[in-house]
$ cat my_file-v1.txt   # compact mmCIF, C-alpha atoms
# COMPACT_ATOMS: atom_id res chain seq x y z
CA MET P 457 -67.39 206.51 184.44
CA ALA P 458 -67.32 205.74 180.74
CA ASP P 459 -63.78 207.12 180.48
CA THR P 460 -62.64 204.85 183.33
CA THR P 461 -64.28 201.86 181.69
CA THR P 462 -62.63 202.60 178.36
CA SER P 463 -59.28 203.10 180.04
CA THR P 464 -59.49 199.75 181.80
CA LEU P 465 -60.38 198.00 178.56
CA GLN P 466 -57.50 199.68 176.76
CA GLU P 467 -55.07 198.63 179.47
CA LEU P 468 -56.08 194.98 179.15
CA ILE P 469 -55.88 195.13 175.36
CA GLU P 470 -52.42 196.70 175.46
CA LYS P 471 -51.18 193.91 177.74
CA LEU P 472 -52.18 191.40 175.06
CA ASP P 473 -50.23 193.10 172.28
CA VAL P 474 -48.07 190.33 170.78
CA SER P 475 -44.42 191.36 170.64
CA PRO P 476 -42.84 191.54 167.16
CA ASP P 477 -40.01 189.43 168.63
CA PHE P 478 -42.29 186.39 168.38
CA ALA P 479 -42.02 186.62 164.58
CA ARG P 480 -38.38 185.52 164.90
CA TYR P 481 -38.87 183.37 167.98
CA GLU P 482 -37.12 180.26 166.63
CA ASN P 483 -33.99 182.27 165.83
CA ILE P 484 -33.71 184.19 169.10
CA THR P 485 -30.55 183.39 171.06
CA GLU P 486 -30.48 186.29 173.55
CA PRO P 487 -31.39 184.88 177.02
CA ASP P 488 -32.95 188.13 178.25
CA ILE P 489 -35.36 188.30 175.30
CA ILE P 490 -36.32 184.64 175.71
CA VAL P 491 -37.04 185.14 179.42
CA ARG P 492 -39.08 188.28 178.72
CA LEU P 493 -41.20 186.54 176.09
CA GLU P 494 -41.76 183.48 178.28
CA ASN P 495 -42.91 185.64 181.19
CA TRP P 496 -45.25 187.59 178.93
CA ARG P 497 -46.66 184.40 177.47
CA ARG P 498 -47.55 183.08 180.94
CA ARG P 499 -49.06 186.39 182.05
CA ALA P 500 -51.22 186.53 178.94
CA CYS P 501 -53.43 183.73 180.28
CA THR P 502 -54.27 185.80 183.38
CA VAL P 503 -54.95 188.90 181.29
CA LEU P 504 -57.29 186.95 179.00
CA SER P 505 -59.20 185.72 182.03
CA GLU P 506 -59.55 189.28 183.32
CA LEU P 507 -60.69 190.48 179.92
CA ARG P 508 -63.28 187.72 179.71
CA HIS P 509 -64.81 188.76 183.03
CA TYR P 510 -64.75 192.37 181.87
CA VAL P 511 -66.58 191.55 178.62
CA GLU P 512 -69.17 189.41 180.39
CA GLN P 513 -70.18 192.28 182.67
CA ARG P 514 -70.51 195.05 180.08
CA GLN P 515 -72.33 195.95 176.91
CA LEU P 516 -69.58 196.83 174.43
CA SER P 517 -69.82 199.17 171.48
CA LEU P 518 -68.98 198.03 167.95
CA GLN P 519 -65.54 199.64 168.19
CA GLU P 520 -64.85 198.02 171.55
CA LYS P 521 -65.89 194.60 170.26
CA SER P 522 -63.57 195.11 167.31
CA GLN P 523 -60.69 195.96 169.62
CA VAL P 524 -61.36 192.99 171.88
CA VAL P 525 -61.50 190.53 168.98
CA SER P 526 -58.34 191.98 167.45
CA ALA P 527 -56.51 191.54 170.75
CA VAL P 528 -57.82 188.08 171.59
CA ALA P 529 -58.12 186.31 168.20
CA PRO P 530 -54.32 186.07 167.75
CA PHE P 531 -54.39 183.56 170.63
CA ASP P 532 -57.09 181.46 168.92
CA GLY P 533 -54.66 179.51 166.78
CA GLU P 534 -51.07 178.38 166.48
CA GLY P 535 -48.05 180.53 167.28
CA PRO P 536 -45.08 180.67 169.67
CA TRP P 537 -46.92 183.33 171.70
CA THR P 538 -49.72 180.90 172.59
CA LEU P 539 -50.09 178.11 175.11
CA GLU P 540 -52.89 175.59 175.36
CA THR P 541 -54.24 177.47 178.37
CA THR P 542 -54.22 180.80 176.53
CA ARG P 543 -55.98 179.25 173.53
CA GLU P 544 -58.72 177.96 175.81
CA GLN P 545 -59.09 181.33 177.54
CA ALA P 546 -59.15 183.12 174.17
CA ARG P 547 -61.92 180.91 172.80
CA VAL P 548 -64.02 181.36 175.94
CA CYS P 549 -63.50 185.13 175.81
CA LEU P 550 -64.42 185.33 172.12
CA GLY P 551 -67.45 183.15 172.80
CA THR P 552 -68.84 185.67 175.24
CA LEU P 553 -69.30 188.16 172.40
CA CYS P 554 -72.44 187.91 170.33
CA SER P 555 -72.18 186.06 167.03
CA PRO P 556 -70.12 188.29 164.74
CA ASP P 557 -72.20 190.04 162.10
CA ILE P 558 -71.11 191.79 158.93
CA PRO P 559 -70.67 195.23 160.58
CA LEU P 560 -68.31 193.80 163.20
CA LEU P 561 -66.29 191.82 160.64
CA GLU P 562 -66.15 194.85 158.37
CA HIS P 563 -64.95 197.04 161.24
CA ILE P 564 -62.21 194.56 162.16
CA LEU P 565 -61.01 194.10 158.60
CA THR P 566 -61.11 197.83 157.84
CA ASN P 567 -59.54 199.17 161.03
CA GLN P 568 -57.47 196.31 162.46
CA VAL P 569 -56.31 194.30 159.44
CA LYS P 570 -56.17 196.54 156.37
CA PRO P 571 -53.84 199.24 157.82
CA ASN P 572 -51.13 196.62 158.35
CA PHE P 573 -51.11 195.71 154.64
CA LEU P 574 -51.43 199.18 153.09
CA SER P 575 -47.69 199.53 152.58
CA ASN P 576 -47.62 196.25 150.63
CA PRO P 577 -50.58 196.17 148.23
CA HIS P 578 -50.71 192.92 146.29
CA PRO P 579 -49.51 193.72 142.75
CA GLN P 580 -52.10 191.53 141.06
CA LEU P 581 -55.18 192.69 142.96
CA SER P 582 -57.26 195.85 143.03
CA ALA P 583 -57.32 197.03 146.64
CA SER P 584 -60.70 198.69 146.15
CA THR P 585 -62.57 195.79 144.51
CA GLY P 586 -60.60 192.60 145.21
CA ARG P 587 -60.54 191.81 141.48
CA THR P 588 -57.43 190.67 139.66
CA LEU P 589 -55.66 193.29 137.57
CA PRO P 590 -55.05 192.81 133.83
CA ARG P 591 -51.35 193.42 134.47
CA PRO P 592 -49.30 193.68 137.71
CA ALA P 593 -49.49 197.13 139.31
CA GLY P 594 -46.02 198.65 139.24
CA GLY P 595 -44.79 196.63 136.28
CA PRO P 596 -43.21 193.18 135.90
CA HIS P 597 -40.93 193.63 138.92
CA ALA P 598 -43.68 194.75 141.28
CA SER P 599 -43.46 191.51 143.23
CA LEU P 600 -40.01 192.54 144.46
CA ASP P 601 -41.37 195.81 145.83
CA HIS P 602 -44.20 193.84 147.39
CA PHE P 603 -41.72 192.20 149.76
CA GLN P 604 -40.18 195.47 150.97
CA GLY P 605 -41.09 197.00 154.34
CA GLN P 606 -43.64 194.37 155.32
CA LEU P 607 -45.29 196.09 158.27
CA TRP P 608 -47.74 193.25 158.74
CA LYS P 609 -44.93 190.95 159.83
CA THR P 610 -44.51 193.07 162.97
CA ARG P 611 -47.97 191.79 163.97
CA PRO P 612 -47.26 188.07 164.52
CA GLY P 613 -50.89 187.23 165.29
CA ILE P 614 -52.43 188.95 162.27
CA ALA P 615 -52.96 185.67 160.37
CA ASN P 616 -54.94 184.22 163.28
CA LEU P 617 -57.12 187.33 163.30
CA ILE P 618 -57.79 187.01 159.56
CA SER P 619 -58.54 183.32 160.03
CA TRP P 620 -61.00 184.13 162.82
CA CYS P 621 -62.85 186.50 160.50
CA VAL P 622 -62.92 184.04 157.61
CA ARG P 623 -64.27 181.23 159.77
CA ARG P 624 -67.18 183.46 160.74
CA MET P 625 -68.02 184.78 157.30
CA GLU P 626 -71.20 183.42 155.77
CA THR P 627 -71.65 182.92 152.05
CA THR P 628 -73.76 186.04 151.75
CA SER P 629 -71.16 188.27 153.44
CA TYR P 630 -68.32 187.64 151.01
CA GLU P 631 -69.64 190.01 148.35
CA ARG P 632 -69.51 192.97 150.74
CA LEU P 633 -66.23 192.06 152.42
CA TRP P 634 -64.34 190.68 149.41
CA HIS P 635 -62.08 193.71 148.87
CA LEU P 636 -61.12 193.61 152.55
CA ILE P 637 -60.41 189.88 152.94
CA ILE P 638 -58.77 188.70 149.72
CA PRO P 639 -55.77 191.13 149.54
CA PRO P 640 -54.26 190.13 152.92
CA VAL P 641 -54.98 186.45 152.24
CA MET P 642 -53.13 186.60 148.91
CA THR P 643 -50.28 188.55 150.53
CA LEU P 644 -49.78 185.73 153.03
CA LEU P 645 -50.09 183.03 150.37
CA ASP P 646 -47.57 184.66 148.01
CA ASP P 647 -44.98 185.54 150.64
CA TYR P 648 -41.43 184.25 150.22
CA GLU P 649 -41.30 182.70 153.71
CA ALA P 650 -42.78 179.24 154.20
CA GLN P 651 -44.43 179.97 157.53
CA TYR P 652 -46.57 182.70 156.00
CA LYS P 653 -47.39 180.58 152.97
CA LEU P 654 -48.71 177.93 155.34
CA GLN P 655 -50.86 180.48 157.12
CA GLY P 656 -52.19 181.65 153.76
CA ILE P 657 -53.03 178.10 152.67
CA GLN P 658 -54.85 177.44 155.93
CA ILE P 659 -56.99 180.56 155.51
CA VAL P 660 -57.69 179.72 151.85
CA SER P 661 -58.87 176.26 152.91
CA GLU P 662 -61.19 177.83 155.46
CA MET P 663 -62.44 180.38 152.94
CA LEU P 664 -63.27 177.73 150.33
CA GLN P 665 -65.85 176.23 152.67
CA ASN P 666 -68.23 179.17 152.25
CA VAL P 667 -67.01 181.51 149.50
CA PRO P 668 -69.32 181.62 146.44
CA ALA P 669 -67.75 179.97 143.41
CA ASP P 670 -69.24 182.66 141.18
CA LEU P 671 -67.45 185.38 143.14
CA LEU P 672 -64.11 183.62 142.69
CA ARG P 673 -64.64 183.27 138.96
CA ARG P 674 -66.09 186.74 138.45
CA THR P 675 -63.16 188.46 140.16
CA GLY P 676 -60.53 186.24 138.54
CA VAL P 677 -59.28 185.15 141.94
CA ASP P 678 -59.89 181.49 141.12
CA THR P 679 -57.07 181.60 138.56
CA LEU P 680 -54.83 183.64 140.85
CA LEU P 681 -55.37 181.24 143.75
CA PHE P 682 -54.67 178.21 141.58
CA SER P 683 -51.42 179.71 140.34
CA SER P 684 -50.28 180.67 143.84
CA LEU P 685 -51.12 177.27 145.30
CA LYS P 686 -49.31 175.53 142.46
CA ASN P 687 -46.24 177.66 143.18
CA CYS P 688 -46.28 176.38 146.76
CA LEU P 689 -45.44 172.91 145.43
CA ALA P 690 -42.23 174.33 143.97
CA PHE P 691 -41.12 175.59 147.39
CA LEU P 692 -38.73 172.67 147.94
CA HIS P 693 -35.71 171.91 150.13
CA ASN P 694 -37.15 173.80 153.09
CA PRO P 695 -37.95 172.39 156.55
CA GLU P 696 -41.59 173.34 155.97
CA THR P 697 -41.83 171.70 152.54
CA PRO P 698 -43.63 168.54 153.78
CA ASN P 699 -46.20 170.66 155.62
CA LEU P 700 -46.66 172.86 152.56
CA ILE P 701 -47.35 169.82 150.37
CA ARG P 702 -49.83 168.32 152.84
CA ALA P 703 -51.70 171.64 153.04
CA THR P 704 -51.48 172.72 149.40
CA VAL P 705 -52.82 169.66 147.61
CA PRO P 706 -56.15 169.39 149.51
CA ALA P 707 -56.66 173.17 149.20
CA THR P 708 -55.99 173.06 145.46
CA ILE P 709 -58.40 170.17 144.93
CA ALA P 710 -61.08 171.98 146.94
CA LEU P 711 -60.56 175.08 144.79
CA VAL P 712 -60.78 173.13 141.52
CA LEU P 713 -63.89 171.21 142.56
CA LEU P 714 -65.58 174.44 143.66
CA THR P 715 -64.79 176.60 140.64
CA THR P 716 -65.06 174.11 137.76
CA HIS P 717 -67.89 171.92 136.52
CA ALA P 718 -67.85 168.14 136.79
CA LYS P 719 -66.39 166.39 133.74
CA SER P 720 -65.36 169.73 132.22
CA ALA P 721 -62.11 170.27 130.36
CA ALA P 722 -61.16 173.00 132.84
CA ARG P 723 -61.43 170.62 135.79
CA PHE P 724 -59.48 167.91 134.00
CA ASP P 725 -56.72 170.32 132.97
CA GLN P 726 -56.31 171.80 136.43
CA LEU P 727 -56.24 168.43 138.17
CA CYS P 728 -53.69 167.23 135.62
CA ALA P 729 -51.59 170.32 136.33
CA LEU P 730 -51.72 169.51 140.04
CA LEU P 731 -50.77 165.86 139.66
CA GLY P 732 -48.57 165.99 136.58
CA ASP P 733 -46.79 169.32 136.96
CA GLY P 734 -47.06 169.82 140.71
CA LEU P 735 -46.46 166.46 142.37
CA ILE P 736 -44.77 164.40 139.65
CA GLY P 737 -43.08 167.17 137.66
CA SER P 738 -41.90 169.22 140.62
CA VAL P 739 -41.79 167.31 143.91
CA TRP P 740 -40.80 163.89 142.58
CA ILE P 741 -38.22 165.19 140.12
CA TYR P 742 -36.50 167.82 142.26
CA ALA P 743 -36.98 166.49 145.78
CA SER P 744 -37.05 162.71 145.37
CA GLY P 745 -33.98 162.41 147.60
CA ASP P 746 -35.81 163.94 150.56
CA PRO P 747 -37.71 161.13 152.32
CA ASP P 748 -39.92 163.48 154.36
CA THR P 749 -40.94 165.45 151.28
CA LEU P 750 -41.56 162.25 149.32
CA GLU P 751 -43.67 160.83 152.14
CA ALA P 752 -45.73 164.02 152.27
CA SER P 753 -46.40 163.79 148.53
CA LEU P 754 -47.49 160.17 148.92
CA ASP P 755 -49.82 161.08 151.79
CA VAL P 756 -51.78 163.51 149.60
CA LEU P 757 -51.54 161.53 146.35
CA PRO P 758 -54.69 159.43 146.99
CA GLU P 759 -56.84 162.58 147.17
CA ALA P 760 -55.44 163.86 143.88
CA VAL P 761 -55.91 160.49 142.17
CA THR P 762 -59.47 160.17 143.49
CA ALA P 763 -60.34 163.61 142.12
CA LEU P 764 -58.84 162.88 138.69
CA ASP P 765 -60.18 159.31 138.66
CA ILE P 766 -59.56 157.43 135.39
CA GLY P 767 -57.73 160.48 134.06
CA THR P 768 -54.87 159.36 136.28
CA ALA P 769 -54.13 156.65 133.70
CA ARG P 770 -52.09 159.10 131.63
CA TYR P 771 -49.55 159.23 134.50
CA LEU P 772 -49.24 155.52 135.24
CA LYS P 773 -45.75 155.38 133.70
CA ALA P 774 -44.59 157.76 136.41
CA LEU P 775 -46.86 156.67 139.25
CA VAL P 776 -46.51 152.91 139.35
CA PRO P 777 -42.68 152.72 139.27
CA GLN P 778 -42.43 155.43 141.94
CA LEU P 779 -44.95 153.73 144.20
CA VAL P 780 -43.36 150.32 143.76
CA LEU P 781 -39.80 151.57 144.32
CA PRO P 782 -39.97 151.64 148.15
CA LEU P 783 -41.39 148.11 148.14
CA ALA P 784 -38.75 146.57 145.91
CA SER P 785 -35.69 148.02 147.65
CA ALA P 786 -32.99 145.74 149.05
CA PRO P 787 -33.28 144.86 152.78
CA GLU P 788 -30.25 146.99 153.66
CA LYS P 789 -31.73 150.00 151.83
CA MET P 790 -35.34 149.74 152.95
CA PHE P 791 -37.35 152.93 153.19
CA SER P 792 -39.06 153.92 156.44
CA ALA P 793 -42.24 152.07 157.41
CA PRO P 794 -44.42 155.23 157.21
CA LEU P 795 -43.18 155.95 153.68
CA MET P 796 -43.82 152.38 152.58
CA ARG P 797 -47.32 152.44 154.06
CA ALA P 798 -47.97 155.73 152.25
CA SER P 799 -46.81 154.14 148.99
CA LEU P 800 -49.11 151.17 149.49
CA ARG P 801 -52.11 153.36 150.33
CA ALA P 802 -51.51 155.41 147.21
CA LEU P 803 -50.97 152.30 145.11
CA THR P 804 -54.30 150.89 146.27
CA VAL P 805 -56.11 154.07 145.18
CA VAL P 806 -54.31 154.12 141.81
CA ILE P 807 -55.29 150.50 141.15
CA LYS P 808 -58.96 151.26 141.89
CA ALA P 809 -59.03 154.45 139.83
CA CYS P 810 -57.24 152.95 136.83
CA ALA P 811 -58.60 149.42 136.96
CA PRO P 812 -59.02 149.08 133.16
CA ARG P 813 -55.26 149.62 132.72
CA MET P 814 -53.99 147.34 135.49
CA HIS P 815 -53.49 144.36 133.19
CA ILE P 816 -50.48 146.28 131.84
CA TRP P 817 -48.99 146.98 135.27
CA LYS P 818 -49.89 143.86 137.23
CA GLY P 819 -46.41 142.36 136.80
CA THR P 820 -44.60 145.46 138.03
CA ILE P 821 -46.92 145.79 141.01
CA LEU P 822 -46.69 142.13 141.99
CA GLU P 823 -42.91 142.18 141.74
CA GLY P 824 -42.74 144.98 144.31
CA VAL P 825 -45.35 143.39 146.58
CA ILE P 826 -43.62 139.99 146.52
CA LYS P 827 -40.20 141.44 147.28
CA CYS P 828 -41.55 143.46 150.17
CA TRP P 829 -43.50 140.51 151.57
CA VAL P 830 -40.51 138.17 151.40
CA THR P 831 -38.22 140.78 153.00
CA LEU P 832 -40.65 141.25 155.88
CA ALA P 833 -41.05 137.49 156.32
CA ASP P 834 -37.28 136.87 156.28
CA SER P 835 -36.69 139.63 158.83
CA GLY P 836 -38.68 137.74 161.45
CA ALA P 837 -40.03 141.02 162.78
CA ASP P 838 -43.54 141.02 164.23
CA GLY P 839 -43.99 144.59 165.45
CA GLU P 840 -46.85 146.92 164.73
CA ASP P 841 -45.09 148.44 161.70
CA THR P 842 -44.58 145.01 160.18
CA ARG P 843 -48.18 143.96 160.76
CA GLU P 844 -49.50 147.19 159.23
CA LEU P 845 -47.26 146.79 156.20
CA LYS P 846 -48.41 143.20 155.71
CA ASP P 847 -52.06 144.26 155.94
CA ALA P 848 -51.42 146.99 153.35
CA LEU P 849 -49.74 144.48 151.03
CA LYS P 850 -52.73 142.16 151.35
CA GLU P 851 -55.05 145.03 150.44
CA VAL P 852 -53.03 145.76 147.30
CA CYS P 853 -53.39 142.12 146.24
CA ASP P 854 -57.13 142.25 146.89
CA CYS P 855 -57.53 145.42 144.86
CA LEU P 856 -55.41 144.02 142.05
CA SER P 857 -57.56 140.88 141.86
CA ASP P 858 -60.70 143.05 141.61
CA ALA P 859 -59.18 145.28 138.94
CA CYS P 860 -57.58 142.45 136.98
CA PRO P 861 -59.32 139.11 137.79
CA SER P 862 -56.90 137.12 135.61
CA VAL P 863 -54.18 137.44 138.26
CA VAL P 864 -56.15 135.09 140.53
CA LYS P 865 -56.00 132.21 138.04
CA VAL P 866 -52.53 132.87 136.67
CA GLU P 867 -50.09 134.92 138.78
CA TYR P 868 -51.54 134.03 142.19
CA VAL P 869 -51.63 130.35 141.31
CA ARG P 870 -47.96 130.46 140.27
CA MET P 871 -47.03 132.18 143.53
CA LEU P 872 -48.72 129.43 145.54
CA GLN P 873 -47.02 126.77 143.45
CA VAL P 874 -43.63 128.31 144.21
CA ASP P 875 -44.17 128.66 147.97
CA ALA P 876 -47.66 128.16 149.37
CA ASP P 877 -46.54 128.62 152.97
CA MET P 878 -44.98 131.98 152.13
CA PHE P 879 -47.69 133.46 149.91
CA SER P 880 -50.99 132.02 151.10
CA PRO P 881 -51.18 134.57 153.96
CA LEU P 882 -50.49 137.35 151.46
CA LEU P 883 -53.20 136.15 149.09
CA GLN P 884 -55.46 135.27 152.03
CA CYS P 885 -56.28 131.80 150.80
CA ASP P 886 -55.92 128.25 152.11
CA GLY P 887 -52.70 127.64 150.20
CA ARG P 888 -54.15 125.23 147.66
CA PRO P 889 -53.24 126.32 144.11
CA GLY P 890 -56.22 126.80 141.83
$ encode --input "my_file-v1.txt" --output "structure tokens"
Amino acid sequence: MADTTTSTLQELIEKLDVSPDFARYENITEPDIIVRLENWRRRACTVLSELRHYVEQRQLSLQEKSQVVSAVAPFDGEGPWTLETTREQARVCLGTLCSPDIPLLEHILTNQVKPNFLSNPHPQLSASTGRTLPRPAGGPHASLDHFQGQLWKTRPGIANLISWCVRRMETTSYERLWHLIIPPVMTLLDDYEAQYKLQGIQIVSEMLQNVPADLLRRTGVDTLLFSSLKNCLAFLHNPETPNLIRATVPATIALVLLTTHAKSAARFDQLCALLGDGLIGSVWIYASGDPDTLEASLDVLPEAVTALDIGTARYLKALVPQLVLPLASAPEKMFSAPLMRASLRALTVVIKACAPRMHIWKGTILEGVIKCWVTLADSGADGEDTRELKDALKEVCDCLSDACPSVVKVEYVRMLQVDADMFSPLLQCDGRPG
């Protein structure tokens, strides 16, 4: 009876094996392969339902639980092999298992994850301890060998499985499982393909919620992670670049805040490296002509500025002109509304963080705000985008008056004297100068 039970479980698990073809799904052109994958994807929902009923009715061994999780967890996340219905079924199925403990996570990582990465050990990590190595294993060109024969890429759902494990690891379990979890995570993060970098960043973000800061520092992985995340911001001119930027910056800030002390030189230096070298020195210099990439950098800029606070003042010569540029463009060359809103949101945060220095930049900021306001007014448009832009412009003026009160009695008064009807709505006053 036990043999029959095991056989049935194995059959269900085998039916859920994600085809390696899904790893190249976006580039597949053969109709027969596309049809086969689509049919499998629809059948997977039924198989997951059957497996859920199976699990609910039986007491599984540790090995069986490990096999079930390894088969089902790839559907608990994003991927071309998943549908919304399969994700729901996968989460219900996984929920029927008892809360994962260290032995189960250790079994999964040892027997289901680690074997897929054995042929590609990370050159900067010890596979037995998870500590960084004093020098790359295999010499200076080891990273090239690291990208050869990547068996793990034939398991398209492996990142979702690793993510499932990380999301269920408690702070106290990291010490025991460190050598099993950090090598595959770093392999994903340092891969040369953007899709795997994104998966690595997502898992790092999840890991930073519970991993002990002392463990990161003691193993040297804090420095390795920072370097790898910073390299992600240099991965430009790729369709995934905007997504990489939006994922990398919050993860980097979380890492810095976790592993450094408040007001320490280390925290200041790392946040400066993120803002100055990463966003300004890399993205803005080498990808400023890509509107989507620029917009992504503006979306995450407020978080970086907030973390650095007044230290942001050292970059005002780069920040203010870049943030004002979309506002001051000619009507026929206007940037997209989302990009302009992103610029205004970032500008508001910069003004608040660097209030003591705004008396130097008030003229530049007001010039951009006025030009944008007049352009919007002259256009006669009254759509949602226009209203949101006008509200954002008003907020900039409010923040500027708080940071630099003199503008209220000087610059704002002059604006009302020039055209009260035009500028009183912007300055949110009754239009009477003074």
$ closest_residue --input "my_file-v1.txt" --among "P:Leu692, P:Leu589, P:Leu633, P:Leu764" --to "Val677 (chain P)" --atoms "only C-alpha atoms"
P:Leu589
$ closest_residue --input "my_file-v1.txt" --among "P:Leu750, P:Ile638, P:Ile816, P:Leu553" --to "Ile618 (chain P)" --atoms "only C-alpha atoms"
P:Ile638
$ closest_residue --input "my_file-v1.txt" --among "P:Phe791, P:Tyr510, P:Tyr648, P:Tyr630" --to "Val524 (chain P)" --atoms "all atoms listed in the file"
P:Tyr510
$ residues_around --input "my_file-v1.txt" --residues "region 757-763 of chain P" --least-positions-apart "6" --cutoff "10 Å" --atoms "only C-alpha atoms" --output "compact mmCIF listing (two decimals) with C-alpha atoms, keeping the file's coordinate frame"
# COMPACT_ATOMS: atom_id res chain seq x y z
CA ARG P 702 -49.83 168.32 152.84
CA VAL P 705 -52.82 169.66 147.61
CA PRO P 706 -56.15 169.39 149.51
CA THR P 708 -55.99 173.06 145.46
CA ILE P 709 -58.40 170.17 144.93
CA ALA P 710 -61.08 171.98 146.94
CA VAL P 712 -60.78 173.13 141.52
CA LEU P 713 -63.89 171.21 142.56
CA ARG P 723 -61.43 170.62 135.79
CA PHE P 724 -59.48 167.91 134.00
CA LEU P 727 -56.24 168.43 138.17
CA CYS P 728 -53.69 167.23 135.62
CA LEU P 730 -51.72 169.51 140.04
CA LEU P 731 -50.77 165.86 139.66
CA LEU P 735 -46.46 166.46 142.37
CA ILE P 736 -44.77 164.40 139.65
CA GLU P 751 -43.67 160.83 152.14
CA ALA P 769 -54.13 156.65 133.70
CA LEU P 775 -46.86 156.67 139.25
CA ALA P 798 -47.97 155.73 152.25
CA SER P 799 -46.81 154.14 148.99
CA ARG P 801 -52.11 153.36 150.33
CA ALA P 802 -51.51 155.41 147.21
CA LEU P 803 -50.97 152.30 145.11
CA THR P 804 -54.30 150.89 146.27
CA VAL P 805 -56.11 154.07 145.18
CA VAL P 806 -54.31 154.12 141.81
CA LYS P 808 -58.96 151.26 141.89
CA ALA P 809 -59.03 154.45 139.83
CA CYS P 810 -57.24 152.95 136.83
$ closest_residue --input "my_file-v1.txt" --among "P:Ala690, P:Cys855, P:Leu681, P:Ala729" --to "Tyr742 (chain P)" --atoms "all atoms listed in the file"
P:Ala690
$ closest_residue --input "my_file-v1.txt" --among "P:Leu685, P:Ala718, P:Val825, P:Val622" --to "Val667 (chain P)" --atoms "only C-alpha atoms"
P:Val622
$ residues_around --input "my_file-v1.txt" --residues "Cys853 (chain P)" --least-positions-apart "5" --cutoff "9 Å" --atoms "all atoms listed in the file" --output "list in words"
Thr804, Leu822, Val825, Ala848, Asp858, Leu882 and Leu883 of chain P
$ residues_around --input "my_file-v1.txt" --residues "Glu562 (chain P)" --least-positions-apart "6" --cutoff "12 Å" --atoms "only C-alpha atoms" --output "list in words"
Leu518, Gln519, Lys521, Ser522, Pro556, Gln568, Val569, Lys570, Ile618, Cys621, Val622, Arg624, Met625, Ser629, Tyr630, Glu631, Arg632, Leu633, Trp634, His635, Leu636 and Ile637 of chain P
$ atom_distance --input "my_file-v1.txt" --atom1 "CA of Leu507 (chain P)" --atom2 "CA of Ile469 (chain P)"
8.1 Å
$ atom_distance --input "my_file-v1.txt" --atom1 "CA of Pro639 (chain P)" --atom2 "CA of Trp608 (chain P)"
12.4 Å
$ closest_residue --input "my_file-v1.txt" --among "P:Met871, P:Ala546, P:Leu781, P:Ile614" --to "Cys828 (chain P)" --atoms "all atoms listed in the file"
P:Leu781
$ residues_around --input "my_file-v1.txt" --residues "Val641 (chain P)" --least-positions-apart "2" --cutoff "9 Å" --atoms "all atoms listed in the file" --output "mmCIF file with C-alpha atoms, in the coordinates of the input"
data_model
loop_
_atom_site.group_PDB
_atom_site.id
_atom_site.type_symbol
_atom_site.label_atom_id
_atom_site.label_comp_id
_atom_site.auth_asym_id
_atom_site.auth_seq_id
_atom_site.Cartn_x
_atom_site.Cartn_y
_atom_site.Cartn_z
ATOM 1 C CA ALA P 615 -52.960 185.670 160.370
ATOM 2 C CA ILE P 618 -57.790 187.010 159.560
ATOM 3 C CA ILE P 637 -60.410 189.880 152.940
ATOM 4 C CA ILE P 638 -58.770 188.700 149.720
ATOM 5 C CA PRO P 639 -55.770 191.130 149.540
ATOM 6 C CA THR P 643 -50.280 188.550 150.530
ATOM 7 C CA LEU P 644 -49.780 185.730 153.030
ATOM 8 C CA LEU P 645 -50.090 183.030 150.370
ATOM 9 C CA ASP P 646 -47.570 184.660 148.010
ATOM 10 C CA GLN P 655 -50.860 180.480 157.120
ATOM 11 C CA GLY P 656 -52.190 181.650 153.760
ATOM 12 C CA ILE P 657 -53.030 178.100 152.670
ATOM 13 C CA ILE P 659 -56.990 180.560 155.510
ATOM 14 C CA VAL P 660 -57.690 179.720 151.850
#
$ atom_distance --input "my_file-v1.txt" --atom1 "CA of Phe682 (chain P)" --atom2 "CA of Thr715 (chain P)"
10.3 Å
$ residues_around --input "my_file-v1.txt" --residues "Arg498 (chain P)" --least-positions-apart "3" --cutoff "9 Å" --atoms "all atoms listed in the file" --output "list in words"
Leu493, Glu494, Asn495, Cys501, Thr502, Thr538, Leu539 and Thr542 of chain P
$ build_atoms --input "my_file-v1.txt" --residues "region 581-585 of chain P" --atoms "N, CA, C and O atoms" --output "mmCIF file, keeping the file's coordinate frame"
data_model
loop_
_atom_site.group_PDB
_atom_site.id
_atom_site.type_symbol
_atom_site.label_atom_id
_atom_site.label_comp_id
_atom_site.auth_asym_id
_atom_site.auth_seq_id
_atom_site.Cartn_x
_atom_site.Cartn_y
_atom_site.Cartn_z
ATOM 1 N N LEU P 581 -53.813 192.493 142.497
ATOM 2 C CA LEU P 581 -55.180 192.690 142.960
ATOM 3 C C LEU P 581 -55.519 194.167 143.072
ATOM 4 O O LEU P 581 -54.677 194.982 143.443
ATOM 5 N N SER P 582 -56.758 194.504 142.788
ATOM 6 C CA SER P 582 -57.260 195.850 143.030
ATOM 7 C C SER P 582 -57.643 195.948 144.498
ATOM 8 O O SER P 582 -58.479 195.169 144.979
ATOM 9 N N ALA P 583 -57.049 196.887 145.214
ATOM 10 C CA ALA P 583 -57.320 197.030 146.640
ATOM 11 C C ALA P 583 -58.747 197.498 146.912
ATOM 12 O O ALA P 583 -59.292 197.260 147.993
ATOM 13 N N SER P 584 -59.360 198.137 145.944
ATOM 14 C CA SER P 584 -60.700 198.690 146.150
ATOM 15 C C SER P 584 -61.813 197.705 145.798
ATOM 16 O O SER P 584 -62.927 197.812 146.314
ATOM 17 N N THR P 585 -61.525 196.725 144.940
ATOM 18 C CA THR P 585 -62.570 195.790 144.510
ATOM 19 C C THR P 585 -62.253 194.321 144.814
ATOM 20 O O THR P 585 -63.160 193.492 144.862
#
